[in-house]
file run-v8.pdb (PDB, C-alpha atoms, pLDDT in the B column)
ATOM      1  CA  MET A  91       9.415   7.519  -9.732  1.00 50.00           C
ATOM      2  CA  ASP A  92      10.246   3.824  -9.540  1.00 61.00           C
ATOM      3  CA  ASP A  93       9.164   1.281 -12.085  1.00 85.00           C
ATOM      4  CA  THR A  94       5.760   0.022 -10.962  1.00 94.00           C
ATOM      5  CA  GLN A  95       6.340  -3.389 -12.474  1.00 94.00           C
ATOM      6  CA  SER A  96       9.481  -4.042 -10.432  1.00 95.00           C
ATOM      7  CA  VAL A  97       7.823  -2.899  -7.191  1.00 97.00           C
ATOM      8  CA  LEU A  98       4.954  -5.333  -7.772  1.00 97.00           C
ATOM      9  CA  ARG A  99       7.332  -8.142  -8.713  1.00 96.00           C
ATOM     10  CA  ASP A 100       9.767  -7.578  -5.827  1.00 97.00           C
ATOM     11  CA  PHE A 101       7.338  -7.303  -2.899  1.00 97.00           C
ATOM     12  CA  SER A 102       4.572  -9.590  -1.611  1.00 97.00           C
ATOM     13  CA  VAL A 103       3.531  -8.254   1.815  1.00 98.00           C
ATOM     14  CA  ILE A 104       1.426  -5.114   1.395  1.00 98.00           C
ATOM     15  CA  ALA A 105      -0.003  -2.948   4.162  1.00 98.00           C
ATOM     16  CA  VAL A 106      -3.011  -1.130   2.721  1.00 98.00           C
ATOM     17  CA  VAL A 107      -3.633   2.141   4.538  1.00 98.00           C
ATOM     18  CA  GLY A 108      -7.276   3.084   4.144  1.00 98.00           C
ATOM     19  CA  LEU A 109      -8.565  -0.310   3.045  1.00 98.00           C
ATOM     20  CA  SER A 110     -12.323   0.189   2.882  1.00 97.00           C
ATOM     21  CA  ARG A 111     -15.087  -2.005   4.276  1.00 95.00           C
ATOM     22  CA  ASP A 112     -17.227  -1.090   1.234  1.00 96.00           C
ATOM     23  CA  PRO A 113     -16.733  -3.633  -1.600  1.00 95.00           C
ATOM     24  CA  ALA A 114     -17.971  -1.050  -4.118  1.00 97.00           C
ATOM     25  CA  LYS A 115     -14.969   1.218  -3.467  1.00 97.00           C
ATOM     26  CA  ALA A 116     -11.594   0.908  -5.157  1.00 97.00           C
ATOM     27  CA  ALA A 117     -10.026   1.000  -1.680  1.00 97.00           C
ATOM     28  CA  HIS A 118     -11.584  -2.442  -1.174  1.00 98.00           C
ATOM     29  CA  SER A 119     -11.705  -3.988  -4.642  1.00 98.00           C
ATOM     30  CA  VAL A 120      -8.094  -3.201  -5.577  1.00 98.00           C
ATOM     31  CA  PRO A 121      -6.609  -4.802  -2.428  1.00 98.00           C
ATOM     32  CA  ALA A 122      -9.033  -7.744  -2.847  1.00 98.00           C
ATOM     33  CA  GLY A 123      -7.725  -8.224  -6.387  1.00 97.00           C
ATOM     34  CA  LEU A 124      -4.129  -8.088  -5.177  1.00 98.00           C
ATOM     35  CA  GLN A 125      -4.963 -10.652  -2.498  1.00 98.00           C
ATOM     36  CA  ALA A 126      -6.565 -12.919  -5.116  1.00 97.00           C
ATOM     37  CA  ALA A 127      -3.333 -12.643  -7.134  1.00 97.00           C
ATOM     38  CA  GLY A 128      -1.365 -14.000  -4.172  1.00 98.00           C
ATOM     39  CA  TYR A 129      -0.188 -10.906  -2.304  1.00 98.00           C
ATOM     40  CA  ARG A 130      -0.495 -10.861   1.475  1.00 98.00           C
ATOM     41  CA  ILE A 131      -2.716  -7.914   2.300  1.00 98.00           C
ATOM     42  CA  VAL A 132      -2.475  -6.318   5.743  1.00 98.00           C
ATOM     43  CA  PRO A 133      -5.399  -3.917   6.310  1.00 98.00           C
ATOM     44  CA  VAL A 134      -4.748  -0.618   8.080  1.00 98.00           C
ATOM     45  CA  ASN A 135      -8.054   0.886   9.117  1.00 97.00           C
ATOM     46  CA  PRO A 136      -8.779   2.050  12.690  1.00 96.00           C
ATOM     47  CA  GLU A 137     -12.513   1.516  12.147  1.00 95.00           C
ATOM     48  CA  ALA A 138     -12.270  -2.234  11.450  1.00 96.00           C
ATOM     49  CA  SER A 139     -11.025  -5.318  13.270  1.00 96.00           C
ATOM     50  CA  GLU A 140     -10.881  -7.534  10.184  1.00 97.00           C
ATOM     51  CA  LEU A 141     -10.969  -6.949   6.432  1.00 98.00           C
ATOM     52  CA  LEU A 142     -10.502  -9.400   3.573  1.00 98.00           C
ATOM     53  CA  GLY A 143     -10.184 -12.152   6.157  1.00 97.00           C
ATOM     54  CA  GLU A 144      -7.122 -10.525   7.737  1.00 97.00           C
ATOM     55  CA  ARG A 145      -6.699  -8.770  11.072  1.00 98.00           C
ATOM     56  CA  ALA A 146      -6.871  -5.003  10.603  1.00 98.00           C
ATOM     57  CA  PHE A 147      -4.512  -2.644  12.411  1.00 98.00           C
ATOM     58  CA  ALA A 148      -5.181   0.954  13.456  1.00 97.00           C
ATOM     59  CA  SER A 149      -1.814   2.187  12.138  1.00 97.00           C
ATOM     60  CA  LEU A 150       1.310   0.928  10.407  1.00 98.00           C
ATOM     61  CA  THR A 151       3.266   1.094  13.642  1.00 97.00           C
ATOM     62  CA  GLU A 152       0.961  -1.486  15.275  1.00 97.00           C
ATOM     63  CA  ILE A 153       1.799  -4.215  12.752  1.00 98.00           C
ATOM     64  CA  PRO A 154       4.032  -6.753  14.546  1.00 97.00           C
ATOM     65  CA  PHE A 155       5.747  -8.216  11.470  1.00 98.00           C
ATOM     66  CA  PRO A 156       7.709  -6.855   8.478  1.00 98.00           C
ATOM     67  CA  ILE A 157       5.898  -4.954   5.740  1.00 98.00           C
ATOM     68  CA  GLU A 158       7.481  -4.618   2.310  1.00 98.00           C
ATOM     69  CA  LEU A 159       5.120  -2.237   0.509  1.00 98.00           C
ATOM     70  CA  VAL A 160       2.769   0.395   1.932  1.00 98.00           C
ATOM     71  CA  LEU A 161      -0.148   1.083  -0.425  1.00 98.00           C
ATOM     72  CA  VAL A 162      -2.058   4.275   0.375  1.00 98.00           C
ATOM     73  CA  PHE A 163      -5.784   4.885  -0.204  1.00 98.00           C
ATOM     74  CA  ARG A 164      -6.015   8.059   1.897  1.00 97.00           C
ATOM     75  CA  PRO A 165      -6.194  11.715   0.828  1.00 97.00           C
ATOM     76  CA  ALA A 166      -2.875  13.344  -0.053  1.00 98.00           C
ATOM     77  CA  ARG A 167      -2.882  15.470   3.104  1.00 98.00           C
ATOM     78  CA  PHE A 168      -2.271  12.260   5.104  1.00 98.00           C
ATOM     79  CA  ALA A 169       0.510  10.972   2.854  1.00 98.00           C
ATOM     80  CA  PRO A 170       3.480  12.656   4.622  1.00 98.00           C
ATOM     81  CA  ALA A 171       2.549  11.155   7.995  1.00 98.00           C
ATOM     82  CA  ILE A 172       2.010   7.766   6.358  1.00 98.00           C
ATOM     83  CA  ALA A 173       5.399   8.082   4.648  1.00 98.00           C
ATOM     84  CA  GLU A 174       7.010   8.763   8.026  1.00 98.00           C
ATOM     85  CA  GLN A 175       5.328   5.661   9.473  1.00 98.00           C
ATOM     86  CA  ALA A 176       6.444   3.595   6.471  1.00 98.00           C
ATOM     87  CA  VAL A 177      10.029   4.676   7.120  1.00 98.00           C
ATOM     88  CA  ALA A 178       9.681   3.973  10.852  1.00 98.00           C
ATOM     89  CA  ILE A 179       8.530   0.384  10.283  1.00 98.00           C
ATOM     90  CA  GLY A 180      11.244  -0.354   7.740  1.00 98.00           C
ATOM     91  CA  ALA A 181       9.022  -0.710   4.669  1.00 98.00           C
ATOM     92  CA  LYS A 182      10.855  -1.032   1.363  1.00 98.00           C
ATOM     93  CA  ALA A 183       8.410   0.936  -0.794  1.00 98.00           C
ATOM     94  CA  LEU A 184       5.583   3.473  -0.632  1.00 98.00           C
ATOM     95  CA  TRP A 185       2.824   3.564  -3.251  1.00 98.00           C
ATOM     96  CA  LEU A 186       0.202   6.325  -3.423  1.00 98.00           C
ATOM     97  CA  GLN A 187      -2.818   5.030  -5.299  1.00 97.00           C
ATOM     98  CA  GLN A 188      -4.120   6.636  -8.488  1.00 96.00           C
ATOM     99  CA  GLY A 189      -5.099  10.279  -7.982  1.00 96.00           C
ATOM    100  CA  ILE A 190      -2.853  10.798  -4.953  1.00 97.00           C
ATOM    101  CA  TYR A 191       0.220  13.034  -5.186  1.00 96.00           C
ATOM    102  CA  SER A 192       2.464  14.320  -2.420  1.00 98.00           C
ATOM    103  CA  SER A 193       5.828  15.959  -2.972  1.00 98.00           C
ATOM    104  CA  GLN A 194       6.412  15.874   0.787  1.00 98.00           C
ATOM    105  CA  ALA A 195       5.696  12.126   1.022  1.00 98.00           C
ATOM    106  CA  ARG A 196       7.938  11.580  -2.004  1.00 97.00           C
ATOM    107  CA  SER A 197      10.779  13.460  -0.315  1.00 98.00           C
ATOM    108  CA  ILE A 198      10.374  11.549   2.949  1.00 98.00           C
ATOM    109  CA  ALA A 199      10.343   8.205   1.144  1.00 97.00           C
ATOM    110  CA  LYS A 200      13.235   8.975  -1.186  1.00 96.00           C
ATOM    111  CA  LEU A 201      15.456  10.409   1.576  1.00 98.00           C
ATOM    112  CA  ALA A 202      14.945   7.190   3.533  1.00 98.00           C
ATOM    113  CA  GLY A 203      15.712   5.011   0.509  1.00 97.00           C
ATOM    114  CA  LEU A 204      12.199   3.709  -0.076  1.00 97.00           C
ATOM    115  CA  ARG A 205      11.076   2.970  -3.595  1.00 97.00           C
ATOM    116  CA  TYR A 206       8.218   5.290  -4.481  1.00 97.00           C
ATOM    117  CA  VAL A 207       5.208   5.253  -6.793  1.00 97.00           C
ATOM    118  CA  GLU A 208       2.392   7.794  -6.946  1.00 96.00           C
ATOM    119  CA  ASP A 209      -0.758   8.332  -8.982  1.00 96.00           C
ATOM    120  CA  ARG A 210      -0.844   4.763 -10.290  1.00 96.00           C
ATOM    121  CA  CYS A 211      -3.361   2.017  -9.618  1.00 97.00           C
ATOM    122  CA  ALA A 212      -1.651  -1.050  -8.189  1.00 98.00           C
ATOM    123  CA  GLY A 213      -4.469  -3.257  -9.463  1.00 97.00           C
ATOM    124  CA  VAL A 214      -4.291  -1.941 -13.013  1.00 96.00           C
ATOM    125  CA  GLU A 215      -0.492  -2.191 -13.069  1.00 96.00           C
ATOM    126  CA  ARG A 216      -0.571  -5.743 -11.716  1.00 96.00           C
ATOM    127  CA  ALA A 217      -3.093  -6.808 -14.362  1.00 95.00           C
ATOM    128  CA  LEU A 218      -1.254  -4.959 -17.143  1.00 94.00           C
ATOM    129  CA  TYR A 219       1.940  -6.905 -16.487  1.00 93.00           C
ATOM    130  CA  GLY A 220       0.215 -10.168 -15.510  1.00 94.00           C
ATOM    131  CA  ILE A 221       2.020 -10.306 -12.170  1.00 96.00           C
ATOM    132  CA  THR A 222       0.893 -12.914  -9.648  1.00 96.00           C
ATOM    133  CA  LYS A 223       2.396 -14.308  -6.461  1.00 95.00           C
ATOM    134  CA  ARG A 224       0.733 -17.715  -6.669  1.00 82.00           C
TER
END

call {"tool": "encode", "arguments": {"input": "run-v8.pdb", "output": "structure tokens"}}
result
Amino acid sequence: MDDTQSVLRDFSVIAVVGLSRDPAKAAHSVPAGLQAAGYRIVPVNPEASELLGERAFASLTEIPFPIELVLVFRPARFAPAIAEQAVAIGAKALWLQQGIYSSQARSIAKLAGLRYVEDRCAGVERALYGITKR
């Protein structure tokens, strides 16, 4: 597993797969916190047209500009397909949010040379190390 601190320091453009419309959910509040810290958040949610003031996309492959980090808030069973999409779009890293594990996604990411984090909260890690992009 890669060092979470370096992934958060090295990358600024984050596609959030499963970004929620519900502000009470971590899948909304964590990306909102990252955005407030200066990260560019790109929502990936087929049920929304806009989230956190940004255009939402139905899938990673629909995003028309480079993505550095793919942050996943979807159940583990979806992680391998998301990992394949992350590889296909040329992402540099894949991060499965706290509570999400996938040996298959890990293998896909690592074989393609992506940096990989799983079962860690990006918001907690960012706050722990005081990392901002502003």

call {"tool": "resolve_selection", "arguments": {"input": "run-v8.pdb", "expression": "the PyMOL selection byres ((chain A and resi 128) around 7)", "output": "PDB file with C-alpha atoms, in the frame of the given file"}}
result
ATOM      1  CA  LEU A 124      -4.129  -8.088  -5.177  1.00 98.00           C
ATOM      2  CA  GLN A 125      -4.963 -10.652  -2.498  1.00 98.00           C
ATOM      3  CA  ALA A 126      -6.565 -12.919  -5.116  1.00 97.00           C
ATOM      4  CA  ALA A 127      -3.333 -12.643  -7.134  1.00 97.00           C
ATOM      5  CA  TYR A 129      -0.188 -10.906  -2.304  1.00 98.00           C
ATOM      6  CA  ARG A 130      -0.495 -10.861   1.475  1.00 98.00           C
ATOM      7  CA  THR A 222       0.893 -12.914  -9.648  1.00 96.00           C
ATOM      8  CA  LYS A 223       2.396 -14.308  -6.461  1.00 95.00           C
ATOM      9  CA  ARG A 224       0.733 -17.715  -6.669  1.00 82.00           C
TER      10      ARG A 224
END

call {"tool": "resolve_selection", "arguments": {"input": "run-v8.pdb", "expression": "the PyMOL selection byres ((chain A and resi 203-205) around 9)", "output": "PyMOL selection string"}}
result
chain A and resi 91-93+97+159+176-177+180-185+198-202+206-207

call {"tool": "residues_around", "arguments": {"input": "run-v8.pdb", "residues": "range 142-157 of chain A", "least_positions_apart": "4", "cutoff": "10 Å", "atoms": "all atoms listed in the file", "output": "PyMOL selection string"}}
result
chain A and resi 101-111+113+118-119+121-122+125+130-138+172+174-176+178-183

call {"tool": "write_last_selection", "arguments": {"input": "run-v8.pdb", "atoms": "C-alpha atoms", "output": "PDB file, in the coordinates of the input"}}
result
ATOM      1  CA  PHE A 101       7.338  -7.303  -2.899  1.00 97.00           C
ATOM      2  CA  SER A 102       4.572  -9.590  -1.611  1.00 97.00           C
ATOM      3  CA  VAL A 103       3.531  -8.254   1.815  1.00 98.00           C
ATOM      4  CA  ILE A 104       1.426  -5.114   1.395  1.00 98.00           C
ATOM      5  CA  ALA A 105      -0.003  -2.948   4.162  1.00 98.00           C
ATOM      6  CA  VAL A 106      -3.011  -1.130   2.721  1.00 98.00           C
ATOM      7  CA  VAL A 107      -3.633   2.141   4.538  1.00 98.00           C
ATOM      8  CA  GLY A 108      -7.276   3.084   4.144  1.00 98.00           C
ATOM      9  CA  LEU A 109      -8.565  -0.310   3.045  1.00 98.00           C
ATOM     10  CA  SER A 110     -12.323   0.189   2.882  1.00 97.00           C
ATOM     11  CA  ARG A 111     -15.087  -2.005   4.276  1.00 95.00           C
ATOM     12  CA  PRO A 113     -16.733  -3.633  -1.600  1.00 95.00           C
ATOM     13  CA  HIS A 118     -11.584  -2.442  -1.174  1.00 98.00           C
ATOM     14  CA  SER A 119     -11.705  -3.988  -4.642  1.00 98.00           C
ATOM     15  CA  PRO A 121      -6.609  -4.802  -2.428  1.00 98.00           C
ATOM     16  CA  ALA A 122      -9.033  -7.744  -2.847  1.00 98.00           C
ATOM     17  CA  GLN A 125      -4.963 -10.652  -2.498  1.00 98.00           C
ATOM     18  CA  ARG A 130      -0.495 -10.861   1.475  1.00 98.00           C
ATOM     19  CA  ILE A 131      -2.716  -7.914   2.300  1.00 98.00           C
ATOM     20  CA  VAL A 132      -2.475  -6.318   5.743  1.00 98.00           C
ATOM     21  CA  PRO A 133      -5.399  -3.917   6.310  1.00 98.00           C
ATOM     22  CA  VAL A 134      -4.748  -0.618   8.080  1.00 98.00           C
ATOM     23  CA  ASN A 135      -8.054   0.886   9.117  1.00 97.00           C
ATOM     24  CA  PRO A 136      -8.779   2.050  12.690  1.00 96.00           C
ATOM     25  CA  GLU A 137     -12.513   1.516  12.147  1.00 95.00           C
ATOM     26  CA  ALA A 138     -12.270  -2.234  11.450  1.00 96.00           C
ATOM     27  CA  ILE A 172       2.010   7.766   6.358  1.00 98.00           C
ATOM     28  CA  GLU A 174       7.010   8.763   8.026  1.00 98.00           C
ATOM     29  CA  GLN A 175       5.328   5.661   9.473  1.00 98.00           C
ATOM     30  CA  ALA A 176       6.444   3.595   6.471  1.00 98.00           C
ATOM     31  CA  ALA A 178       9.681   3.973  10.852  1.00 98.00           C
ATOM     32  CA  ILE A 179       8.530   0.384  10.283  1.00 98.00           C
ATOM     33  CA  GLY A 180      11.244  -0.354   7.740  1.00 98.00           C
ATOM     34  CA  ALA A 181       9.022  -0.710   4.669  1.00 98.00           C
ATOM     35  CA  LYS A 182      10.855  -1.032   1.363  1.00 98.00           C
ATOM     36  CA  ALA A 183       8.410   0.936  -0.794  1.00 98.00           C
TER      37      ALA A 183
END

call {"tool": "axis_aligned_box", "arguments": {"input": "run-v8.pdb", "around": "range 177-184 of chain A", "padding_each_side": "4 Å", "output": "AutoDock Vina command-line options"}}
result
--center_x 8.4 --center_y 1.8 --center_z 5.0 --size_x 13.7 --size_y 13.7 --size_z 19.6

call {"tool": "closest_residue", "arguments": {"input": "run-v8.pdb", "among": "A:Pro165, A:Arg99, A:Ala171, A:Ala116", "to": "Cys211 in chain A", "atoms": "only C-alpha atoms"}}
result
A:Ala116

call {"tool": "atom_distance", "arguments": {"input": "run-v8.pdb", "atom1": "CA of Leu186 in chain A", "atom2": "CA of Ser139 in chain A"}}
result
23.2 Å

call {"tool": "atom_distance", "arguments": {"input": "run-v8.pdb", "atom1": "CA of Leu141 in chain A", "atom2": "CA of Pro170 in chain A"}}
result
24.4 Å

call {"tool": "residues_around", "arguments": {"input": "run-v8.pdb", "residues": "Ile190 in chain A", "least_positions_apart": "5", "cutoff": "8 Å", "atoms": "only C-alpha atoms", "output": "MDAnalysis selection string"}}
result
chainID A and resid 165:166 208:209

call {"tool": "closest_residue", "arguments": {"input": "run-v8.pdb", "among": "A:Ala117, A:Ser96, A:Gly123, A:Arg216", "to": "Gln187 in chain A", "atoms": "only C-alpha atoms"}}
result
A:Ala117

call {"tool": "atom_distance", "arguments": {"input": "run-v8.pdb", "atom1": "CA of Arg164 in chain A", "atom2": "CA of Ser193 in chain A"}}
result
15.0 Å

call {"tool": "closest_residue", "arguments": {"input": "run-v8.pdb", "among": "A:Ala114, A:Ile221, A:Ala195, A:Leu161", "to": "Gln95 in chain A", "atoms": "only C-alpha atoms"}}
result
A:Ile221
